[in-house]
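Data file: work.txt. Format and content: compact mmCIF, C-alpha atoms.
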# COMPACT_ATOMS: atom_id res chain seq x y z
CA MET N 23 -44.16 -55.87 67.89
CA LYS N 24 -44.12 -56.70 64.20
CA ILE N 25 -45.59 -54.28 61.67
CA ALA N 26 -46.78 -55.47 58.27
CA VAL N 27 -47.33 -52.90 55.57
CA ILE N 28 -49.94 -54.63 53.44
CA GLY N 29 -49.63 -53.61 49.80
CA GLY N 30 -46.50 -51.78 50.88
CA THR N 31 -44.58 -51.47 47.61
CA GLY N 32 -45.76 -47.96 46.65
CA ASP N 33 -44.32 -44.71 47.99
CA GLN N 34 -46.75 -44.50 50.91
CA GLY N 35 -46.13 -48.08 52.04
CA LEU N 36 -42.41 -48.11 51.35
CA GLY N 37 -42.02 -44.71 52.99
CA LEU N 38 -43.74 -45.93 56.16
CA ALA N 39 -41.81 -49.21 56.10
CA ILE N 40 -38.43 -47.51 55.85
CA ARG N 41 -39.35 -44.91 58.47
CA TYR N 42 -40.26 -47.69 60.90
CA VAL N 43 -37.15 -49.70 60.09
CA LYS N 44 -35.15 -46.59 60.92
CA ALA N 45 -37.11 -46.31 64.18
CA GLY N 46 -35.96 -49.82 65.08
CA GLU N 47 -39.26 -51.62 64.51
CA ASP N 48 -39.61 -55.06 62.91
CA VAL N 49 -41.21 -54.38 59.56
CA ILE N 50 -42.59 -56.65 56.86
CA ILE N 51 -43.46 -55.35 53.44
CA GLY N 52 -46.37 -57.33 52.02
CA SER N 53 -47.47 -57.52 48.43
CA ARG N 54 -49.82 -59.60 46.32
CA ARG N 55 -46.75 -61.39 45.01
CA ALA N 56 -43.90 -62.18 47.39
CA GLU N 57 -41.34 -61.37 44.70
CA LYS N 58 -42.58 -57.81 44.40
CA ALA N 59 -42.32 -57.39 48.17
CA GLU N 60 -38.77 -58.72 48.11
CA ASN N 61 -37.88 -56.23 45.39
CA ALA N 62 -39.33 -53.45 47.54
CA VAL N 63 -37.11 -54.61 50.41
CA ASP N 64 -34.09 -54.37 48.09
CA GLU N 65 -35.21 -50.90 47.08
CA GLY N 66 -35.64 -49.89 50.72
CA GLU N 67 -32.19 -51.20 51.61
CA LYS N 68 -30.69 -49.24 48.74
CA PHE N 69 -32.37 -46.05 50.01
CA LEU N 70 -30.87 -46.73 53.42
CA ASN N 71 -27.46 -47.80 52.07
CA GLU N 72 -27.85 -51.08 53.90
CA SER N 73 -28.06 -54.71 52.96
CA HIS N 74 -29.65 -57.71 54.67
CA LEU N 75 -31.40 -55.59 57.26
CA LYS N 76 -32.57 -57.92 60.00
CA ASN N 77 -35.71 -55.92 60.74
CA LEU N 78 -37.01 -55.61 57.17
CA GLN N 79 -38.56 -58.53 55.30
CA GLY N 80 -40.66 -58.94 52.18
CA MET N 81 -43.33 -61.58 51.62
CA SER N 82 -46.86 -62.14 50.41
CA ASN N 83 -49.62 -60.11 52.06
CA GLN N 84 -50.99 -63.33 53.56
CA ASP N 85 -47.70 -64.37 55.14
CA ALA N 86 -47.12 -60.82 56.36
CA ALA N 87 -50.58 -60.74 57.93
CA VAL N 88 -49.97 -64.03 59.72
CA ILE N 89 -46.70 -62.92 61.30
CA ALA N 90 -47.42 -59.29 62.18
CA ASP N 91 -49.25 -57.81 65.16
CA VAL N 92 -50.14 -54.55 63.49
CA LEU N 93 -51.17 -54.28 59.84
CA ILE N 94 -50.98 -51.01 57.91
CA LEU N 95 -53.07 -51.10 54.75
CA THR N 96 -51.57 -48.96 51.97
CA VAL N 97 -53.36 -50.05 48.81
CA PRO N 98 -55.37 -47.91 46.42
CA LEU N 99 -59.14 -48.03 46.95
CA GLN N 100 -59.61 -50.32 43.94
CA ALA N 101 -57.52 -53.00 45.62
CA GLN N 102 -58.97 -52.52 49.11
CA LYS N 103 -61.66 -55.22 49.02
CA ALA N 104 -59.63 -57.90 47.23
CA THR N 105 -56.63 -57.30 49.46
CA LEU N 106 -58.68 -57.47 52.65
CA ASP N 107 -60.51 -60.58 51.46
CA SER N 108 -57.13 -62.20 50.81
CA ILE N 109 -55.88 -61.63 54.37
CA ALA N 110 -59.19 -61.82 56.24
CA GLU N 111 -58.56 -65.21 57.80
CA TYR N 112 -55.35 -63.97 59.43
CA VAL N 113 -56.48 -60.71 61.04
CA ASN N 114 -58.13 -61.97 64.23
CA GLY N 115 -56.81 -60.27 67.34
CA LYS N 116 -54.85 -57.68 65.37
CA THR N 117 -54.90 -53.96 64.82
CA LEU N 118 -55.37 -52.84 61.23
CA ILE N 119 -54.47 -49.25 60.39
CA ASP N 120 -56.17 -48.11 57.19
CA ALA N 121 -54.24 -45.42 55.30
CA THR N 122 -56.58 -45.22 52.32
CA ALA N 123 -57.98 -41.94 51.01
CA PRO N 124 -60.96 -42.35 48.67
CA LEU N 125 -59.84 -40.14 45.79
CA ASN N 126 -61.75 -39.56 42.59
CA SER N 127 -58.57 -40.65 40.79
CA ASN N 128 -59.31 -44.17 42.08
CA ILE N 129 -62.13 -44.26 39.54
CA GLY N 130 -60.50 -42.26 36.76
CA GLY N 131 -61.14 -38.71 38.03
CA SER N 132 -59.08 -36.03 39.72
CA PRO N 133 -57.03 -36.73 42.87
CA MET N 134 -58.16 -33.29 44.07
CA GLU N 135 -61.68 -34.64 44.53
CA PHE N 136 -63.04 -37.21 46.95
CA ILE N 137 -65.49 -39.96 46.21
CA GLN N 138 -68.18 -40.78 48.69
CA VAL N 139 -68.10 -44.45 49.57
CA TRP N 140 -71.28 -46.07 50.84
CA GLU N 141 -69.91 -46.97 54.25
CA GLY N 142 -68.97 -43.32 54.97
CA SER N 143 -65.18 -43.58 54.68
CA ALA N 144 -62.57 -45.95 53.31
CA ALA N 145 -61.66 -46.96 56.86
CA GLU N 146 -65.31 -47.72 57.66
CA ARG N 147 -65.44 -49.72 54.44
CA THR N 148 -62.48 -51.75 55.72
CA ALA N 149 -64.28 -52.31 59.01
CA ASP N 150 -67.38 -53.40 57.10
CA ILE N 151 -65.46 -55.83 54.88
CA LEU N 152 -63.93 -57.39 58.02
CA LYS N 153 -67.04 -57.11 60.19
CA ASN N 154 -67.11 -60.84 60.96
CA LYS N 155 -63.51 -60.79 62.16
CA ASP N 156 -62.08 -59.87 65.55
CA VAL N 157 -59.96 -57.02 64.23
CA SER N 158 -59.75 -53.38 65.33
CA VAL N 159 -59.67 -50.90 62.49
CA VAL N 160 -57.97 -47.55 63.00
CA SER N 161 -57.78 -44.77 60.40
CA ALA N 162 -54.46 -42.92 60.10
CA PHE N 163 -51.72 -41.76 57.71
CA SER N 164 -54.03 -40.85 54.80
CA ASN N 165 -53.19 -37.12 55.09
CA ILE N 166 -49.41 -37.55 55.15
CA SER N 167 -47.69 -36.82 51.84
CA SER N 168 -45.93 -39.86 50.38
CA SER N 169 -43.15 -37.54 49.22
CA SER N 170 -42.62 -36.44 52.82
CA LEU N 171 -42.59 -40.06 53.97
CA MET N 172 -40.02 -40.97 51.33
CA GLU N 173 -37.54 -38.25 52.37
CA PHE N 174 -36.12 -40.40 55.13
CA GLU N 175 -33.56 -37.90 56.33
CA ARG N 176 -36.06 -35.15 57.01
CA GLU N 177 -38.57 -34.70 59.77
CA ILE N 178 -42.16 -34.65 58.56
CA ASP N 179 -43.87 -31.32 59.22
CA CYS N 180 -47.47 -32.35 59.85
CA ASP N 181 -49.82 -33.95 62.33
CA CYS N 182 -51.45 -37.32 61.82
CA LEU N 183 -55.17 -37.49 62.55
CA VAL N 184 -56.21 -40.81 64.08
CA CYS N 185 -59.72 -42.25 64.34
CA GLY N 186 -60.86 -45.53 65.81
CA ASP N 187 -63.55 -47.16 67.93
CA ASP N 188 -61.25 -49.32 70.08
CA ASN N 189 -59.09 -47.27 72.42
CA LYS N 190 -56.41 -49.92 72.88
CA SER N 191 -55.80 -50.28 69.17
CA LYS N 192 -55.97 -46.54 68.69
CA GLN N 193 -53.27 -46.15 71.33
CA ILE N 194 -51.08 -48.67 69.49
CA ALA N 195 -51.49 -46.55 66.36
CA ILE N 196 -50.82 -43.31 68.24
CA ASP N 197 -47.62 -44.71 69.73
CA LEU N 198 -46.48 -45.83 66.27
CA ILE N 199 -47.33 -42.47 64.69
CA ASN N 200 -45.40 -40.57 67.33
CA LYS N 201 -42.29 -42.55 66.33
CA LEU N 202 -42.24 -40.68 63.01
CA PRO N 203 -39.90 -37.72 63.65
CA GLY N 204 -41.83 -34.45 63.42
CA VAL N 205 -45.26 -36.03 63.38
CA LYS N 206 -47.75 -35.66 66.21
CA ALA N 207 -50.72 -38.00 66.50
CA ILE N 208 -54.06 -36.26 67.11
CA ASP N 209 -56.87 -38.44 68.43
CA CYS N 210 -59.94 -37.35 66.48
CA GLY N 211 -62.38 -39.75 68.10
CA ASP N 212 -64.21 -42.74 66.74
CA LEU N 213 -63.80 -44.36 63.34
CA SER N 214 -66.65 -42.39 61.77
CA ARG N 215 -64.55 -39.21 62.11
CA SER N 216 -62.50 -40.58 59.21
CA ARG N 217 -65.39 -39.40 57.00
CA ILE N 218 -63.95 -35.94 57.49
CA VAL N 219 -60.27 -36.76 57.88
CA GLU N 220 -59.98 -38.72 54.62
CA LYS N 221 -61.51 -35.81 52.70
CA ILE N 222 -58.64 -33.57 53.76
CA THR N 223 -56.29 -35.56 51.52
CA PRO N 224 -57.77 -34.35 48.20
CA LEU N 225 -57.71 -30.82 49.63
CA LEU N 226 -53.98 -31.16 50.31
CA ILE N 227 -53.39 -32.67 46.86
CA GLY N 228 -55.14 -29.64 45.36
CA LEU N 229 -52.88 -27.36 47.38
CA ASN N 230 -49.84 -29.33 46.20
CA ILE N 231 -50.86 -28.86 42.58
CA LYS N 232 -51.65 -25.16 43.05
CA ASN N 233 -48.39 -24.48 44.88
CA LYS N 234 -46.21 -26.78 42.75
CA THR N 235 -45.09 -28.83 45.73
CA HIS N 236 -45.62 -32.35 47.08
CA TYR N 237 -45.42 -31.63 50.79
CA ALA N 238 -48.69 -30.04 51.89
CA GLY N 239 -49.77 -31.23 55.31
CA ILE N 240 -51.88 -30.06 58.20
CA ARG N 241 -51.22 -29.17 61.79
CA ILE N 242 -53.88 -28.76 64.44
CA THR N 243 -53.39 -25.69 66.63
CA GLY N 244 -54.88 -24.54 69.90
CA LEU N 245 -55.49 -27.87 71.62
CA ASP N 246 -53.36 -26.97 74.63
CA ARG N 247 -55.15 -23.69 75.32
CA ILE N 248 -57.71 -23.58 78.13
CA MET H 14 -63.91 -0.24 51.40
CA LYS H 15 -66.88 -0.87 53.66
CA ILE H 16 -67.45 -4.30 55.18
CA ALA H 17 -70.89 -5.43 56.29
CA VAL H 18 -71.13 -8.40 58.61
CA ILE H 19 -74.59 -9.71 57.76
CA GLY H 20 -76.21 -11.36 60.75
CA GLY H 21 -73.21 -10.13 62.69
CA THR H 22 -74.49 -10.12 66.27
CA GLY H 23 -73.20 -13.55 67.31
CA ASP H 24 -69.66 -14.30 68.43
CA GLN H 25 -68.39 -15.12 64.93
CA GLY H 26 -69.83 -11.95 63.39
CA LEU H 27 -69.07 -9.66 66.29
CA GLY H 28 -65.57 -11.11 66.57
CA LEU H 29 -64.87 -10.42 62.91
CA ALA H 30 -66.45 -6.96 63.12
CA ILE H 31 -64.34 -5.91 66.08
CA ARG H 32 -61.18 -7.40 64.58
CA TYR H 33 -61.74 -5.35 61.41
CA VAL H 34 -62.57 -2.20 63.34
CA LYS H 35 -59.26 -2.65 65.14
CA ALA H 36 -57.58 -3.08 61.74
CA GLY H 37 -58.95 0.33 60.71
CA GLU H 38 -61.64 -0.88 58.33
CA ASP H 39 -65.12 0.64 58.03
CA VAL H 40 -67.42 -1.98 59.46
CA ILE H 41 -71.18 -2.31 59.61
CA ILE H 42 -72.88 -4.88 61.78
CA GLY H 43 -76.12 -5.96 60.17
CA SER H 44 -78.99 -7.76 61.81
CA ARG H 45 -82.57 -8.64 61.00
CA ARG H 46 -83.60 -5.82 63.32
CA ALA H 47 -81.58 -2.60 63.33
CA GLU H 48 -81.95 -2.31 67.10
CA LYS H 49 -80.18 -5.61 67.66
CA ALA H 50 -77.34 -4.49 65.43
CA GLU H 51 -77.04 -1.23 67.37
CA ASN H 52 -76.89 -3.19 70.61
CA ALA H 53 -74.09 -5.30 69.13
CA VAL H 54 -72.22 -2.10 68.26
CA ASP H 55 -72.58 -0.98 71.89
CA GLU H 56 -71.29 -4.37 73.00
CA GLY H 57 -68.35 -4.14 70.60
CA GLU H 58 -67.48 -0.67 71.83
CA LYS H 59 -67.56 -1.91 75.42
CA PHE H 60 -65.17 -4.72 74.51
CA LEU H 61 -62.85 -2.15 72.97
CA ASN H 62 -63.31 0.39 75.78
CA GLU H 63 -64.40 2.93 73.20
CA SER H 64 -67.53 4.88 72.48
CA HIS H 65 -68.96 6.38 69.30
CA LEU H 66 -66.41 4.63 67.08
CA LYS H 67 -66.57 6.29 63.69
CA ASN H 68 -65.81 3.12 61.81
CA LEU H 69 -68.40 0.86 63.43
CA GLN H 70 -72.10 1.13 62.70
CA GLY H 71 -75.14 -1.03 63.29
CA MET H 72 -78.19 -1.23 61.03
CA SER H 73 -80.58 -3.63 59.34
CA ASN H 74 -79.07 -6.29 57.10
CA GLN H 75 -80.69 -4.58 54.11
CA ASP H 76 -79.24 -1.15 54.87
CA ALA H 77 -75.86 -2.73 55.59
CA ALA H 78 -75.91 -4.60 52.27
CA VAL H 79 -76.76 -1.41 50.37
CA ILE H 80 -73.86 0.56 51.83
CA ALA H 81 -71.09 -2.05 51.96
CA ASP H 82 -68.74 -3.26 49.24
CA VAL H 83 -67.98 -6.58 50.88
CA LEU H 84 -70.55 -8.64 52.74
CA ILE H 85 -69.57 -11.32 55.26
CA LEU H 86 -72.43 -13.71 56.00
CA THR H 87 -72.31 -15.04 59.57
CA VAL H 88 -75.73 -16.55 60.15
CA PRO H 89 -76.57 -20.13 61.16
CA LEU H 90 -77.57 -22.39 58.29
CA GLN H 91 -81.25 -22.19 59.26
CA ALA H 92 -81.23 -18.44 58.60
CA GLN H 93 -79.09 -18.58 55.45
CA LYS H 94 -81.88 -18.62 52.84
CA ALA H 95 -84.17 -16.08 54.50
CA THR H 96 -81.28 -13.71 55.17
CA LEU H 97 -79.97 -13.94 51.61
CA ASP H 98 -83.47 -13.48 50.17
CA SER H 99 -83.84 -10.37 52.30
CA ILE H 100 -80.67 -8.74 50.91
CA ALA H 101 -80.69 -10.22 47.40
CA GLU H 102 -81.73 -7.04 45.64
CA TYR H 103 -78.73 -5.15 47.05
CA VAL H 104 -75.87 -7.54 46.32
CA ASN H 105 -75.16 -6.78 42.66
CA GLY H 106 -71.52 -5.98 41.99
CA LYS H 107 -70.42 -7.03 45.46
CA THR H 108 -68.31 -9.73 47.04
CA LEU H 109 -70.08 -11.96 49.52
CA ILE H 110 -67.94 -14.02 51.88
CA ASP H 111 -69.86 -16.97 53.30
CA ALA H 112 -68.65 -18.08 56.73
CA THR H 113 -71.27 -20.78 57.26
CA ALA H 114 -70.42 -24.33 58.31
CA PRO H 115 -73.23 -26.84 57.81
CA LEU H 116 -73.28 -28.51 61.21
CA ASN H 117 -75.65 -31.20 62.32
CA SER H 118 -76.49 -28.94 65.26
CA ASN H 119 -78.25 -26.68 62.76
CA ILE H 120 -80.94 -29.36 62.58
CA GLY H 121 -80.88 -30.51 66.18
CA GLY H 122 -77.89 -32.88 66.08
CA SER H 123 -74.26 -32.71 67.18
CA PRO H 124 -71.97 -29.84 66.16
CA MET H 125 -69.25 -32.48 65.74
CA GLU H 126 -71.06 -33.80 62.66
CA PHE H 127 -71.65 -32.21 59.29
CA ILE H 128 -74.82 -32.27 57.27
CA GLN H 129 -74.63 -32.71 53.54
CA VAL H 130 -76.48 -29.91 51.79
CA TRP H 131 -77.83 -30.56 48.31
CA GLU H 132 -75.69 -27.92 46.60
CA GLY H 133 -72.46 -29.48 47.96
CA SER H 134 -71.54 -26.86 50.56
CA ALA H 135 -73.15 -23.98 52.42
CA ALA H 136 -71.18 -21.53 50.27
CA GLU H 137 -72.39 -23.20 47.10
CA ARG H 138 -75.90 -23.02 48.51
CA THR H 139 -75.42 -19.27 48.93
CA ALA H 140 -74.24 -19.04 45.32
CA ASP H 141 -77.27 -21.01 44.21
CA ILE H 142 -79.71 -18.85 46.17
CA LEU H 143 -78.17 -15.75 44.55
CA LYS H 144 -77.60 -17.31 41.13
CA ASN H 145 -79.61 -14.63 39.32
CA LYS H 146 -77.57 -11.84 40.89
CA ASP H 147 -74.22 -10.37 39.85
CA VAL H 148 -72.46 -11.30 43.09
CA SER H 149 -69.24 -13.20 43.69
CA VAL H 150 -69.41 -15.73 46.49
CA VAL H 151 -66.27 -16.64 48.38
CA SER H 152 -66.05 -19.23 51.17
CA ALA H 153 -63.89 -18.33 54.17
CA PHE H 154 -63.75 -18.04 57.99
CA SER H 155 -65.85 -21.14 58.73
CA ASN H 156 -62.89 -22.96 60.33
CA ILE H 157 -61.84 -20.12 62.64
CA SER H 158 -62.96 -20.54 66.23
CA SER H 159 -65.36 -17.82 67.38
CA SER H 160 -63.65 -17.88 70.76
CA SER H 161 -60.35 -17.07 69.05
CA LEU H 162 -62.01 -14.26 67.08
CA MET H 163 -63.49 -12.79 70.26
CA GLU H 164 -60.15 -12.61 72.10
CA PHE H 165 -59.28 -9.32 70.47
CA GLU H 166 -55.94 -8.86 72.19
CA ARG H 167 -54.50 -12.16 70.97
CA GLU H 168 -53.22 -13.23 67.61
CA ILE H 169 -55.19 -16.06 66.07
CA ASP H 170 -53.11 -19.21 65.60
CA CYS H 171 -54.60 -20.71 62.46
CA ASP H 172 -54.82 -20.41 58.71
CA CYS H 173 -57.97 -19.43 56.86
CA LEU H 174 -58.87 -21.58 53.86
CA VAL H 175 -60.42 -19.57 51.03
CA CYS H 176 -62.41 -20.89 48.07
CA GLY H 177 -64.02 -18.99 45.23
CA ASP H 178 -64.64 -19.02 41.49
CA ASP H 179 -63.88 -15.33 40.85
CA ASN H 180 -60.23 -14.47 41.38
CA LYS H 181 -60.80 -10.76 41.94
CA SER H 182 -63.28 -11.34 44.73
CA LYS H 183 -61.16 -14.09 46.18
CA GLN H 184 -58.23 -11.68 46.31
CA ILE H 185 -60.38 -9.14 48.17
CA ALA H 186 -61.18 -11.85 50.71
CA ILE H 187 -57.54 -12.94 50.95
CA ASP H 188 -56.40 -9.37 51.60
CA LEU H 189 -59.05 -9.00 54.31
CA ILE H 190 -58.14 -12.31 55.93
CA ASN H 191 -54.47 -11.41 56.06
CA LYS H 192 -55.41 -8.34 58.13
CA LEU H 193 -56.33 -10.63 61.02
CA PRO H 194 -53.14 -10.84 63.12
CA GLY H 195 -51.72 -14.36 63.08
CA VAL H 196 -53.99 -15.63 60.32
CA LYS H 197 -52.72 -16.62 56.89
CA ALA H 198 -55.09 -16.97 53.96
CA ILE H 199 -54.67 -20.15 51.93
CA ASP H 200 -56.19 -20.14 48.45
CA CYS H 201 -57.79 -23.58 48.12
CA GLY H 202 -59.15 -23.09 44.60
CA ASP H 203 -62.69 -22.77 43.34
CA LEU H 204 -65.87 -22.56 45.36
CA SER H 205 -66.56 -26.29 45.20
CA ARG H 206 -63.49 -26.89 47.41
CA SER H 207 -65.64 -25.54 50.26
CA ARG H 208 -67.27 -29.00 50.24
CA ILE H 209 -64.14 -30.18 51.99
CA VAL H 210 -63.19 -27.02 53.89
CA GLU H 211 -66.56 -26.60 55.62
CA LYS H 212 -66.39 -30.20 56.87
CA ILE H 213 -63.21 -29.41 58.80
CA THR H 214 -65.22 -27.25 61.21
CA PRO H 215 -67.10 -30.15 62.87
CA LEU H 216 -63.76 -31.99 63.12
CA LEU H 217 -62.28 -29.02 65.01
CA ILE H 218 -65.39 -28.77 67.22
CA GLY H 219 -64.93 -32.45 68.08
CA LEU H 220 -61.29 -31.79 68.96
CA ASN H 221 -62.37 -28.83 71.11
CA ILE H 222 -64.79 -31.02 73.04
CA LYS H 223 -62.27 -33.85 73.43
CA ASN H 224 -59.49 -31.50 74.57
CA LYS H 225 -61.71 -29.23 76.68
CA THR H 226 -60.76 -26.13 74.73
CA HIS H 227 -62.39 -23.70 72.30
CA TYR H 228 -59.40 -22.82 70.19
CA ALA H 229 -58.71 -25.70 67.79
CA GLY H 230 -57.62 -24.50 64.38
CA ILE H 231 -55.64 -25.75 61.43
CA ARG H 232 -52.45 -24.71 59.74
CA ILE H 233 -51.33 -25.90 56.34
CA THR H 234 -47.66 -26.88 56.19
CA GLY H 235 -45.22 -27.57 53.39
CA LEU H 236 -46.54 -25.18 50.73
CA ASP H 237 -43.22 -23.36 50.43
CA ARG H 238 -41.18 -26.52 49.85
CA ILE H 239 -40.11 -27.36 46.33
Structure re-expressed in structure tokens:
Amino acid sequence: MKIAVIGGTGDQGLGLAIRYVKAGEDVIIGSRRAEKAENAVDEGEKFLNESHLKNLQGMSNQDAAVIADVLILTVPLQAQKATLDSIAEYVNGKTLIDATAPLNSNIGGSPMEFIQVWEGSAAERTADILKNKDVSVVSAFSNISSSSLMEFEREIDCDCLVCGDDNKSKQIAIDLINKLPGVKAIDCGDLSRSRIVEKITPLLIGLNIKNKTHYAGIRITGLDRI
Amino acid sequence: MKIAVIGGTGDQGLGLAIRYVKAGEDVIIGSRRAEKAENAVDEGEKFLNESHLKNLQGMSNQDAAVIADVLILTVPLQAQKATLDSIAEYVNGKTLIDATAPLNSNIGGSPMEFIQVWEGSAAERTADILKNKDVSVVSAFSNISSSSLMEFEREIDCDCLVCGDDNKSKQIAIDLINKLPGVKAIDCGDLSRSRIVEKITPLLIGLNIKNKTHYAGIRITGLDRI
């Protein structure tokens, strides 16, 4: 299974890409320009003290979308629509995991505050943009600190809340999430649940600022108790 | 310090009342009718295998509000305005902790879904209703499972997210929260943060339903990391 991290040159995308390379997955970093993706691959290889990794490639978002089976979207909200439009013709039959959190900072405000998008959540907005395509949208990763992702040698101390309408695609996402050491996937139900889950990100960013850290995360407790 | 649990005859209120009685606090259960509050005291004493507890009383919400220093509001959203109106003249100089979560079930829908109240959050609605009074409103407790609260012999495995504009009152709430065995208070910032925190409750209720449990809670991780 090939994973493409679409818009994967920032900390969130690069962090996920490197984590999955370490887990043995075939990973493609996509970017608007292929050159930028290739630079991110070089950067990733430097982080890993490796060169010419066979399971890490960089290319344009379009080429990445064509080749991969699972797409992880890690662009800021401002780039969401243009990026999705640019890969729309290649997404049929695939799973697209949306990692976007709709933060007020996306429109010039504070990252501690959310913005309410019309469709309900950023992930539902993705589903709406691609509504004429045969693609399954899953929401995940938006609560995981990019700083935690980028510390490749450490386990990540948080759960990952997953939402999606198609159980098969959601299971693909859950299996991928559980390959991140320390992280446990929590199935939160259908895609509309991302209306709540995405709002937790600005709460965690506020806690990061207040506590002078970059690693706030959440764990869900009590699910095993009867 | 006397604590009044306003509208404290349900599981959430009674659970908190009994927990604080066990912690040695002076607790008053308030209800619209004094008789109902007295019955809740009897019920609480039965749970604790005690009788005539000196530090647990039952009375009308009004009498409870007059006597107490800290008020914890544990009524459903439908009763929020009428209850607050009924105690408004007694709240000056006090701290009021709002434990309300605005669930869709409050208006006949699913408890897995939130409703968006005009003021932003239920706690901000409380502050708005009492805006002409000298009272500090703090948001807390809305994410803690009532079933966990009612299991008096067990520690509660979750954090309690606290929001408030007045630091002194927020500290009173934090100190109270940290008296619940197992629970850690997390200062989430000003009262408007309750717009996010209250929405976590329907997420946890959804997880309870999905996992056939009643004990879902959240913990915040990573705050101690630099």
* Selected residue, from H:Ile128, H:Leu61, H:Leu27, H:Ser155, that lies nearest to chain N when counting all atoms listed in the file ->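 That would be H:Ile128, the residue with the smallest distance to chain N.
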* With a distance threshold of 9 Å and counting all atoms listed in the file, extract the residues of chain N near chain H and express them as a PyMOL selection string. => chain N and resi 134-136+179-180+208-211+215+218-219+221-222+224-226+228-230+232-248
* For region 145-157 of chain N, please output as JSON, numbers by chain all residues within 12 Å (counting only C-alpha atoms; exclusion window: fewer than 6 positions along the same chain). => {"N": [87, 91, 92, 93, 94, 95, 96, 97, 99, 101, 102, 103, 104, 105, 106, 107, 108, 109, 110, 111, 112, 113, 114, 115, 116, 117, 118, 119, 120, 121, 122, 123, 124, 138, 139, 163, 164, 184, 185, 186, 187, 188, 190, 191, 212, 213, 214, 215, 216, 217, 218, 219, 220, 221]}
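In terms of minimum interatomic distance to Ser160 (chain H), H:Leu29 ranks closest within H:Ala186, H:Leu29, H:Ala53, H:Ile41, counting only C-alpha atoms.
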* Proximity to Gly20 (chain H) - best of H:Asn119, H:Asn74, H:Asn191, H:Ser149, only C-alpha atoms ->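 With only C-alpha atoms as the atom set, the closest residue is H:Asn74.
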Taking the point (-61.6, -0.6, 53.4) as given in the file, collect each protein or nucleic acid residue that comes within 6 Å of it, counting all atoms listed in the file, and present the set as a tab-separated table (two decimals) with C-alpha atoms, keeping the file's coordinate frame.
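Just written: result.tsv:
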chain	number	residue	atom	x	y	z
H	14	MET	CA	-63.91	-0.24	51.40
H	15	LYS	CA	-66.88	-0.87	53.66
H	38	GLU	CA	-61.64	-0.88	58.33
H	39	ASP	CA	-65.12	0.64	58.03
Name the residues within 12 Å of (-67.6, 8.3, 65.5), counting all atoms listed in the file in the file's coordinates, and put them as a short mmCIF file (atom, residue, chain, number, x, y, z; two decimals) with C-alpha atoms, in the coordinates of the input.
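Saved as out_16.cif:
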data_model
loop_
_atom_site.label_atom_id
_atom_site.label_comp_id
_atom_site.auth_asym_id
_atom_site.auth_seq_id
_atom_site.Cartn_x
_atom_site.Cartn_y
_atom_site.Cartn_z
CA VAL H 34 -62.57 -2.20 63.34
CA ASP H 39 -65.12 0.64 58.03
CA VAL H 40 -67.42 -1.98 59.46
CA VAL H 54 -72.22 -2.10 68.26
CA GLU H 58 -67.48 -0.67 71.83
CA GLU H 63 -64.40 2.93 73.20
CA SER H 64 -67.53 4.88 72.48
CA HIS H 65 -68.96 6.38 69.30
CA LEU H 66 -66.41 4.63 67.08
CA LYS H 67 -66.57 6.29 63.69
CA ASN H 68 -65.81 3.12 61.81
CA LEU H 69 -68.40 0.86 63.43
CA GLN H 70 -72.10 1.13 62.70
#
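Considering all atoms listed in the file, the residue among N:Lys58, N:Lys206, N:Lys201, N:Lys192 positioned nearest to Met81 (chain N) is N:Lys58.
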* To do: One decimal, Å: what's the distance from CA of Ser161 (chain N) over to CA of Leu183 (chain N), could you say?
  =>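 Computing it gives 8.0 Å between the two atoms.
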